[in-house]
Amino acid sequence: MIRRRRLLQAASASALLPLAATVRAQSWPAKPIRLVVTFAPGGSSDIVARLLQPALQEKLGQPVLVDNKPGAGGTIGGADVAKSAADGYTLLVSNTAPISISPFMLAQPTYDPVKSFTHIAYIGAVPNVVVVHPSVPARNMGELVAWIKAQSRPVNYGSGGVGSIGHIVGEVLKSGQKLNMEHVPYRGSGPMHNDLLGGTLQFAIDTLTQNVPFIKDGKLRGLAVTSRARMGLAPELPTVAEAGFPRLIAENFLGISAPAGVPREVVDRVHRATSEVLANPDIGRRLQDMGIAMTRMSQPEFADFVAKQVAEWAPAVQASGARLN
C-alpha cells in the first residue's frame, strides 16, 4: 500500500513538471524589463533600441526601459548586464564593440563575450563609412592615404568611442598603410559630428546611418563603406574592397542578449517577440532606411554567429595595439 502511494505521488509530481514550466513561462515578465544600450543616445544601438521599444512592450506586456550605459568601449554596459541576475529582466542591445572588440582591449576583461551571455536574437548589421570634411581634398580612399602621408603633423580621425568599429578600422588602416594618424574618441556620434562638421576634426570612421544626411547635403564627403556590398542607403559609395582596402571590411551587428543562464522559456519568449517585431513591415522598412541589413537567424544560429565574430575580431584587435585605459 505504501509503495503504491509513493508511486502515485511520483507520477503526480512528474505530471506537474510541464505545468510548472508553463506557469513560469506565463509568469514572465511580471515587472518592467531593462534594455541596456552600451553607447550614448543618438548612436545606432540607441536608435534601434528606441524604435523596437514600443513594439517589444506590446508583445511582452510589460514596460521596456532603455538604459544608456556608455563608456570604456561599451564594456561598462556589457559588464552591467553580464553581472545582472539571469532572470530575464535585464537585456542588452549587443553589438560588435562590447562583444567582439572591447573585451580584447582590456588588460583584465570584466566578462567573457561568449560565456557571460545568452545571445538571444539577431537584429541586423550596419556598416561604417569613411567620411571627410570638405576641406580635405581627398575624393577616394587612395587620395586620402596620399593626403595623410603628405601632412607634416599627425592627422586626427574620430570615431564614436574607444573600442568602436570605427576605432579599430582606423587602427587597421593606420598600421597597414604606415600612416601618421591619431585617434580622437568621442562619447557617441553626436558629439563627434559637432567637431567634424565644424572642421576641427578632419575625418572620421562612423556608422553609415548617422552620416548619410550630411553626405547628401554636401556637409561631409563619403569615401567608402566598410560593408561587403554597396548599400542601398548610399549606393554611390564604393566598398572598401572596391577601393583597394579589403582588410577594412567591418560591419556592426546588433542583437538582443541576456546574462548567461537565463531560463530557456525566457530565451524563447524574447526571441519570438523580437522576431515578430522585426517582421512588422513598417519597422523592417525603417530599419532598412537606417542602412541596417536584416537577416533572419534562429537563437542557436545567432549564438554561433557571435562566437565566430569574436574568433575573427580578437586577433585583429590585439594586432592593432589599441587599448582601453
# chains A, B, ... in the order shown; residues from 1 in each chain; ligands from 1
>>> residues_around(residues="stretch 133-145 of chain A", least_positions_apart="5", cutoff="7 Å", atoms="only C-alpha atoms", output="list of chain:residue names")
A:Leu196, A:Leu197, A:Gly199, A:Gln202, A:Phe203, A:Lys219, A:Leu220, A:Arg221, A:Leu223, A:Ala243
>>> residues_around(residues="stretch 24-39 of chain A", least_positions_apart="3", cutoff="7 Å", atoms="only C-alpha atoms", output="number ranges by chain")
A: 20-21, 43, 45-46, 60, 62-71, 74, 77-78, 89-93, 188, 265-266
>>> residues_around(residues="A:Leu248", least_positions_apart="3", cutoff="12 Å", atoms="only C-alpha atoms", output="PyMOL selection string")
chain A and resi 127-130+141+165-177+205+224-228+239-245+251+313+316
>>> closest_residue(among="A:Ser257, A:Gln53, A:Ser94, A:Thr75", to="A:Ile283", atoms="only C-alpha atoms")
A:Gln53
>>> atom_distance(atom1="atom CA of A:Ile292", atom2="atom CA of A:Glu58")
23.0 Å
>>> closest_residue(among="A:Met231, A:Val48, A:Ile101, A:Gln108", to="A:Glu312", atoms="only C-alpha atoms")
A:Ile101
>>> select_by_dssp(residues="stretch 214-272 of chain A", states="strand (DSSP E)", output="ChimeraX atom specification")
/A:221-225,251-259
>>> write_last_selection(atoms="all heavy atoms", output="short mmCIF file (atom, residue, chain, number, x, y, z; two decimals), in the first residue's frame")
data_model
loop_
_atom_site.label_atom_id
_atom_site.label_comp_id
_atom_site.auth_asym_id
_atom_site.auth_seq_id
_atom_site.Cartn_x
_atom_site.Cartn_y
_atom_site.Cartn_z
N ARG A 221 31.96 64.51 -47.00
CA ARG A 221 32.18 63.73 -48.21
C ARG A 221 32.45 62.27 -47.83
O ARG A 221 33.39 61.97 -47.09
CB ARG A 221 33.37 64.28 -48.99
CG ARG A 221 33.59 63.59 -50.36
CD ARG A 221 34.83 64.12 -51.08
NE ARG A 221 34.76 65.57 -51.21
CZ ARG A 221 35.69 66.39 -50.73
NH1 ARG A 221 36.75 65.92 -50.09
NH2 ARG A 221 35.57 67.69 -50.89
N GLY A 222 31.60 61.37 -48.31
CA GLY A 222 31.80 59.96 -48.06
C GLY A 222 32.78 59.37 -49.07
O GLY A 222 32.70 59.67 -50.26
N LEU A 223 33.70 58.51 -48.57
CA LEU A 223 34.70 57.92 -49.46
C LEU A 223 34.45 56.45 -49.72
O LEU A 223 34.63 55.98 -50.84
CB LEU A 223 36.10 58.11 -48.87
CG LEU A 223 36.55 59.55 -48.60
CD1 LEU A 223 38.00 59.55 -48.14
CD2 LEU A 223 36.34 60.44 -49.80
N ALA A 224 34.03 55.70 -48.70
CA ALA A 224 33.80 54.26 -48.88
C ALA A 224 33.06 53.70 -47.68
O ALA A 224 33.18 54.22 -46.57
CB ALA A 224 35.12 53.52 -49.07
N VAL A 225 32.28 52.64 -47.91
CA VAL A 225 31.60 51.95 -46.83
C VAL A 225 32.36 50.66 -46.49
O VAL A 225 33.03 50.09 -47.36
CB VAL A 225 30.14 51.60 -47.19
CG1 VAL A 225 29.30 52.86 -47.27
CG2 VAL A 225 30.05 50.82 -48.49
N GLU A 251 31.43 45.23 -40.21
CA GLU A 251 30.03 45.60 -40.01
C GLU A 251 29.69 45.47 -38.54
O GLU A 251 30.13 44.54 -37.86
CB GLU A 251 29.11 44.73 -40.86
CG GLU A 251 29.29 44.92 -42.35
CD GLU A 251 28.44 43.97 -43.17
OE1 GLU A 251 28.49 42.76 -42.90
OE2 GLU A 251 27.74 44.43 -44.07
N ASN A 252 28.89 46.40 -38.06
CA ASN A 252 28.47 46.39 -36.67
C ASN A 252 27.15 45.64 -36.54
O ASN A 252 26.13 46.11 -37.01
CB ASN A 252 28.32 47.83 -36.17
CG ASN A 252 27.91 47.88 -34.71
OD1 ASN A 252 28.21 46.98 -33.93
ND2 ASN A 252 27.21 48.94 -34.33
N PHE A 253 27.19 44.45 -35.93
CA PHE A 253 25.94 43.70 -35.77
C PHE A 253 25.18 44.24 -34.55
O PHE A 253 25.75 44.81 -33.62
CB PHE A 253 26.21 42.20 -35.63
CG PHE A 253 26.63 41.75 -34.26
CD1 PHE A 253 25.70 41.52 -33.25
CD2 PHE A 253 27.97 41.52 -33.96
CE1 PHE A 253 26.08 41.10 -31.98
CE2 PHE A 253 28.37 41.10 -32.70
CZ PHE A 253 27.43 40.89 -31.71
N LEU A 254 23.88 44.04 -34.58
CA LEU A 254 23.01 44.42 -33.47
C LEU A 254 22.14 43.23 -33.10
O LEU A 254 21.64 42.52 -33.98
CB LEU A 254 22.13 45.61 -33.86
CG LEU A 254 22.85 46.92 -34.15
CD1 LEU A 254 21.91 47.88 -34.88
CD2 LEU A 254 23.34 47.55 -32.87
N GLY A 255 21.96 43.01 -31.82
CA GLY A 255 21.13 41.90 -31.37
C GLY A 255 20.62 42.13 -29.97
O GLY A 255 20.83 43.18 -29.37
N ILE A 256 19.92 41.14 -29.44
CA ILE A 256 19.43 41.17 -28.06
C ILE A 256 20.08 40.01 -27.32
O ILE A 256 20.00 38.86 -27.77
CB ILE A 256 17.90 41.03 -27.98
CG1 ILE A 256 17.21 42.14 -28.78
CG2 ILE A 256 17.44 41.04 -26.52
CD1 ILE A 256 17.37 43.52 -28.21
N SER A 257 20.71 40.30 -26.19
CA SER A 257 21.36 39.28 -25.38
C SER A 257 20.93 39.43 -23.93
O SER A 257 20.33 40.44 -23.55
CB SER A 257 22.88 39.38 -25.51
OG SER A 257 23.29 39.24 -26.86
N ALA A 258 21.26 38.42 -23.13
CA ALA A 258 20.91 38.42 -21.71
C ALA A 258 22.07 37.80 -20.94
O ALA A 258 22.98 37.21 -21.54
CB ALA A 258 19.62 37.62 -21.49
N PRO A 259 22.06 37.91 -19.62
CA PRO A 259 23.10 37.24 -18.84
C PRO A 259 23.08 35.73 -19.07
O PRO A 259 22.02 35.16 -19.37
CB PRO A 259 22.74 37.57 -17.39
CG PRO A 259 21.91 38.81 -17.48
CD PRO A 259 21.15 38.70 -18.77
#
>>> closest_residue(among="A:Gly163, A:Tyr122, A:Gly261, A:Val131", to="A:Ser298", atoms="only C-alpha atoms")
A:Tyr122
>>> select_by_dssp(residues="stretch 82-295 of chain A", states="alpha helix (DSSP H)", output="compact mmCIF listing (two decimals) with N, CA, C and O atoms, in the first residue's frame")
# COMPACT_ATOMS: atom_id res chain seq x y z
N ALA A 82 26.23 41.47 -17.84
CA ALA A 82 26.85 40.17 -17.54
C ALA A 82 26.73 39.83 -16.06
O ALA A 82 26.59 38.66 -15.69
N THR A 96 28.85 44.82 -31.96
CA THR A 96 30.22 44.39 -32.18
C THR A 96 31.19 44.96 -31.16
O THR A 96 32.11 44.26 -30.71
N MET A 141 39.59 56.67 -51.29
CA MET A 141 40.47 56.17 -50.24
C MET A 141 41.94 56.32 -50.60
O MET A 141 42.78 56.65 -49.74
N GLY A 142 42.29 56.10 -51.85
CA GLY A 142 43.68 56.25 -52.27
C GLY A 142 44.18 57.67 -52.07
O GLY A 142 45.31 57.90 -51.60
N GLU A 143 43.34 58.64 -52.42
CA GLU A 143 43.72 60.04 -52.25
C GLU A 143 43.80 60.42 -50.77
O GLU A 143 44.63 61.25 -50.38
N LEU A 144 42.94 59.81 -49.94
CA LEU A 144 43.01 60.08 -48.50
C LEU A 144 44.34 59.61 -47.93
O LEU A 144 45.00 60.34 -47.18
N VAL A 145 44.75 58.40 -48.30
CA VAL A 145 46.02 57.87 -47.81
C VAL A 145 47.18 58.76 -48.27
O VAL A 145 48.08 59.10 -47.48
N ALA A 146 47.16 59.17 -49.53
CA ALA A 146 48.23 60.03 -50.06
C ALA A 146 48.25 61.37 -49.33
O ALA A 146 49.33 61.90 -49.02
N TRP A 147 47.06 61.93 -49.05
CA TRP A 147 46.98 63.21 -48.35
C TRP A 147 47.53 63.10 -46.93
O TRP A 147 48.28 63.98 -46.47
N ILE A 148 47.18 62.03 -46.23
CA ILE A 148 47.68 61.83 -44.86
C ILE A 148 49.20 61.74 -44.86
O ILE A 148 49.89 62.34 -44.03
N LYS A 149 49.75 61.00 -45.82
CA LYS A 149 51.21 60.83 -45.89
C LYS A 149 51.92 62.15 -46.19
O LYS A 149 53.08 62.34 -45.82
N ALA A 150 51.21 63.06 -46.84
CA ALA A 150 51.83 64.34 -47.22
C ALA A 150 51.81 65.36 -46.07
O ALA A 150 52.47 66.41 -46.18
N ILE A 165 33.88 50.08 -33.77
CA ILE A 165 34.39 49.55 -35.03
C ILE A 165 35.19 50.62 -35.76
O ILE A 165 36.24 50.35 -36.35
N GLY A 166 34.71 51.88 -35.72
CA GLY A 166 35.44 52.96 -36.37
C GLY A 166 36.85 53.09 -35.84
O GLY A 166 37.80 53.34 -36.61
N HIS A 167 37.01 52.92 -34.55
CA HIS A 167 38.34 52.98 -33.93
C HIS A 167 39.25 51.89 -34.48
O HIS A 167 40.37 52.16 -34.93
N ILE A 168 38.76 50.66 -34.47
CA ILE A 168 39.60 49.55 -34.90
C ILE A 168 39.89 49.60 -36.40
O ILE A 168 41.01 49.34 -36.84
N VAL A 169 38.89 49.97 -37.20
CA VAL A 169 39.12 50.10 -38.64
C VAL A 169 40.20 51.16 -38.89
O VAL A 169 41.09 50.99 -39.73
N GLY A 170 40.14 52.26 -38.13
CA GLY A 170 41.15 53.29 -38.26
C GLY A 170 42.54 52.79 -37.91
O GLY A 170 43.53 53.11 -38.59
N GLU A 171 42.63 51.97 -36.87
CA GLU A 171 43.93 51.44 -36.47
C GLU A 171 44.47 50.44 -37.49
O GLU A 171 45.68 50.37 -37.74
N VAL A 172 43.56 49.67 -38.10
CA VAL A 172 43.99 48.74 -39.15
C VAL A 172 44.50 49.51 -40.37
O VAL A 172 45.52 49.17 -40.98
N LEU A 173 43.79 50.59 -40.72
CA LEU A 173 44.24 51.46 -41.82
C LEU A 173 45.60 52.07 -41.49
O LEU A 173 46.52 52.09 -42.34
N LYS A 174 45.73 52.56 -40.28
CA LYS A 174 46.97 53.21 -39.85
C LYS A 174 48.16 52.26 -39.91
O LYS A 174 49.21 52.60 -40.48
N SER A 175 48.00 51.07 -39.35
CA SER A 175 49.12 50.12 -39.32
C SER A 175 49.40 49.55 -40.70
O SER A 175 50.56 49.37 -41.08
N GLY A 176 48.33 49.27 -41.47
CA GLY A 176 48.53 48.67 -42.79
C GLY A 176 49.20 49.59 -43.78
O GLY A 176 49.99 49.14 -44.63
N GLN A 177 48.93 50.89 -43.68
CA GLN A 177 49.48 51.87 -44.62
C GLN A 177 50.61 52.70 -44.01
O GLN A 177 51.15 53.58 -44.66
N SER A 189 28.27 59.38 -31.67
CA SER A 189 28.38 60.08 -32.95
C SER A 189 27.99 61.55 -32.87
O SER A 189 28.55 62.39 -33.58
N GLY A 190 27.02 61.87 -32.01
CA GLY A 190 26.55 63.24 -31.91
C GLY A 190 27.66 64.24 -31.59
O GLY A 190 27.88 65.20 -32.34
N PRO A 191 28.38 64.04 -30.48
CA PRO A 191 29.47 64.97 -30.16
C PRO A 191 30.56 65.00 -31.23
O PRO A 191 31.13 66.06 -31.49
N MET A 192 30.83 63.87 -31.86
CA MET A 192 31.86 63.83 -32.89
C MET A 192 31.47 64.69 -34.08
O MET A 192 32.30 65.41 -34.65
N HIS A 193 30.20 64.65 -34.47
CA HIS A 193 29.76 65.41 -35.64
C HIS A 193 29.90 66.93 -35.43
O HIS A 193 30.10 67.66 -36.40
N ASN A 194 29.79 67.37 -34.19
CA ASN A 194 29.98 68.80 -33.93
C ASN A 194 31.36 69.25 -34.40
O ASN A 194 31.50 70.30 -35.04
N ASP A 195 32.39 68.48 -34.08
CA ASP A 195 33.76 68.83 -34.47
C ASP A 195 34.00 68.55 -35.95
O ASP A 195 34.69 69.32 -36.63
N LEU A 196 33.43 67.46 -36.46
CA LEU A 196 33.65 67.09 -37.85
C LEU A 196 33.02 68.12 -38.80
O LEU A 196 33.63 68.57 -39.76
N LEU A 197 31.79 68.51 -38.49
CA LEU A 197 31.11 69.50 -39.33
C LEU A 197 31.76 70.88 -39.21
O LEU A 197 31.74 71.67 -40.16
N GLY A 198 32.34 71.15 -38.04
CA GLY A 198 32.99 72.43 -37.84
C GLY A 198 34.39 72.50 -38.42
O GLY A 198 34.99 73.58 -38.49
N LEU A 208 27.25 54.32 -40.95
CA LEU A 208 26.72 54.94 -42.17
C LEU A 208 25.45 55.74 -41.89
O LEU A 208 25.27 56.85 -42.41
N THR A 209 24.57 55.17 -41.08
CA THR A 209 23.25 55.76 -40.86
C THR A 209 23.30 57.23 -40.49
O THR A 209 22.62 58.06 -41.09
N GLN A 210 24.13 57.56 -39.49
CA GLN A 210 24.14 58.93 -38.99
C GLN A 210 24.80 59.91 -39.95
O GLN A 210 24.64 61.12 -39.82
N ASN A 211 25.55 59.39 -40.93
CA ASN A 211 26.32 60.28 -41.82
C ASN A 211 25.68 60.54 -43.17
O ASN A 211 26.06 61.49 -43.86
N VAL A 212 24.72 59.69 -43.56
CA VAL A 212 24.10 59.86 -44.88
C VAL A 212 23.48 61.25 -45.07
O VAL A 212 23.69 61.87 -46.12
N PRO A 213 22.74 61.79 -44.09
CA PRO A 213 22.17 63.13 -44.31
C PRO A 213 23.23 64.20 -44.58
O PRO A 213 23.05 65.07 -45.43
N PHE A 214 24.35 64.11 -43.86
CA PHE A 214 25.42 65.09 -44.05
C PHE A 214 26.11 64.91 -45.41
O PHE A 214 26.50 65.89 -46.05
N ILE A 215 26.23 63.65 -45.84
CA ILE A 215 26.85 63.38 -47.15
C ILE A 215 25.96 63.91 -48.26
O ILE A 215 26.42 64.56 -49.20
N LYS A 216 24.67 63.65 -48.14
CA LYS A 216 23.72 64.10 -49.19
C LYS A 216 23.63 65.62 -49.25
O LYS A 216 23.40 66.19 -50.31
N ARG A 264 15.31 28.99 -20.21
CA ARG A 264 15.03 28.70 -21.62
C ARG A 264 13.71 29.30 -22.07
O ARG A 264 13.60 29.80 -23.19
N GLU A 265 12.70 29.27 -21.20
CA GLU A 265 11.41 29.81 -21.60
C GLU A 265 11.48 31.32 -21.84
O GLU A 265 10.77 31.86 -22.68
N VAL A 266 12.36 32.01 -21.10
CA VAL A 266 12.56 33.45 -21.31
C VAL A 266 13.27 33.69 -22.64
O VAL A 266 12.90 34.59 -23.40
N VAL A 267 14.29 32.89 -22.91
CA VAL A 267 15.02 32.99 -24.18
C VAL A 267 14.05 32.84 -25.35
O VAL A 267 14.05 33.65 -26.30
N ASP A 268 13.21 31.81 -25.28
CA ASP A 268 12.26 31.56 -26.37
C ASP A 268 11.26 32.70 -26.50
O ASP A 268 10.92 33.10 -27.62
N ARG A 269 10.81 33.23 -25.38
CA ARG A 269 9.81 34.32 -25.41
C ARG A 269 10.42 35.58 -26.02
O ARG A 269 9.79 36.25 -26.84
N VAL A 270 11.63 35.93 -25.60
CA VAL A 270 12.28 37.14 -26.12
C VAL A 270 12.60 36.98 -27.60
O VAL A 270 12.40 37.91 -28.40
N HIS A 271 13.08 35.79 -27.99
CA HIS A 271 13.40 35.57 -29.41
C HIS A 271 12.14 35.67 -30.25
O HIS A 271 12.14 36.31 -31.31
N ARG A 272 11.06 35.06 -29.78
CA ARG A 272 9.81 35.09 -30.55
C ARG A 272 9.28 36.52 -30.65
O ARG A 272 8.86 36.97 -31.73
N ALA A 273 9.29 37.26 -29.54
CA ALA A 273 8.79 38.63 -29.54
C ALA A 273 9.63 39.51 -30.48
O ALA A 273 9.08 40.30 -31.26
N THR A 274 10.95 39.37 -30.41
CA THR A 274 11.84 40.17 -31.27
C THR A 274 11.61 39.83 -32.74
O THR A 274 11.55 40.72 -33.60
N SER A 275 11.47 38.54 -33.05
CA SER A 275 11.24 38.11 -34.43
C SER A 275 9.93 38.67 -34.97
O SER A 275 9.86 39.13 -36.12
N GLU A 276 8.89 38.66 -34.12
CA GLU A 276 7.60 39.20 -34.56
C GLU A 276 7.68 40.71 -34.79
O GLU A 276 7.08 41.24 -35.73
N VAL A 277 8.42 41.41 -33.94
CA VAL A 277 8.58 42.85 -34.11
C VAL A 277 9.33 43.15 -35.40
O VAL A 277 8.94 44.04 -36.17
N LEU A 278 10.40 42.41 -35.67
CA LEU A 278 11.20 42.64 -36.87
C LEU A 278 10.44 42.28 -38.15
O LEU A 278 10.74 42.80 -39.23
N PRO A 281 6.20 45.07 -41.18
CA PRO A 281 6.70 45.75 -42.39
C PRO A 281 7.17 47.18 -42.15
O PRO A 281 8.18 47.60 -42.71
N ASP A 282 6.46 47.90 -41.28
CA ASP A 282 6.84 49.29 -41.02
C ASP A 282 8.18 49.37 -40.30
O ASP A 282 9.05 50.17 -40.67
N ILE A 283 8.35 48.51 -39.29
CA ILE A 283 9.62 48.51 -38.56
C ILE A 283 10.75 48.03 -39.45
O ILE A 283 11.85 48.59 -39.45
N GLY A 284 10.49 46.98 -40.23
CA GLY A 284 11.51 46.49 -41.16
C GLY A 284 11.94 47.55 -42.14
O GLY A 284 13.14 47.72 -42.43
N ARG A 285 10.97 48.32 -42.68
CA ARG A 285 11.30 49.39 -43.62
C ARG A 285 12.13 50.48 -42.96
O ARG A 285 13.10 50.97 -43.54
N ARG A 286 11.77 50.83 -41.73
CA ARG A 286 12.50 51.88 -41.04
C ARG A 286 13.93 51.45 -40.71
O ARG A 286 14.86 52.26 -40.80
N LEU A 287 14.11 50.20 -40.38
CA LEU A 287 15.47 49.69 -40.13
C LEU A 287 16.29 49.69 -41.41
O LEU A 287 17.47 50.08 -41.41
N GLN A 288 15.68 49.28 -42.50
CA GLN A 288 16.39 49.28 -43.79
C GLN A 288 16.71 50.70 -44.23
O GLN A 288 17.79 50.95 -44.78
N ASP A 289 15.81 51.65 -43.96
CA ASP A 289 16.08 53.05 -44.27
C ASP A 289 17.26 53.58 -43.47
O ASP A 289 17.92 54.55 -43.88
>>> atom_distance(atom1="atom CA of A:Val184", atom2="atom CA of A:Ser164")
11.6 Å
>>> atom_distance(atom1="atom CA of A:His183", atom2="atom CA of A:Ser44")
20.5 Å
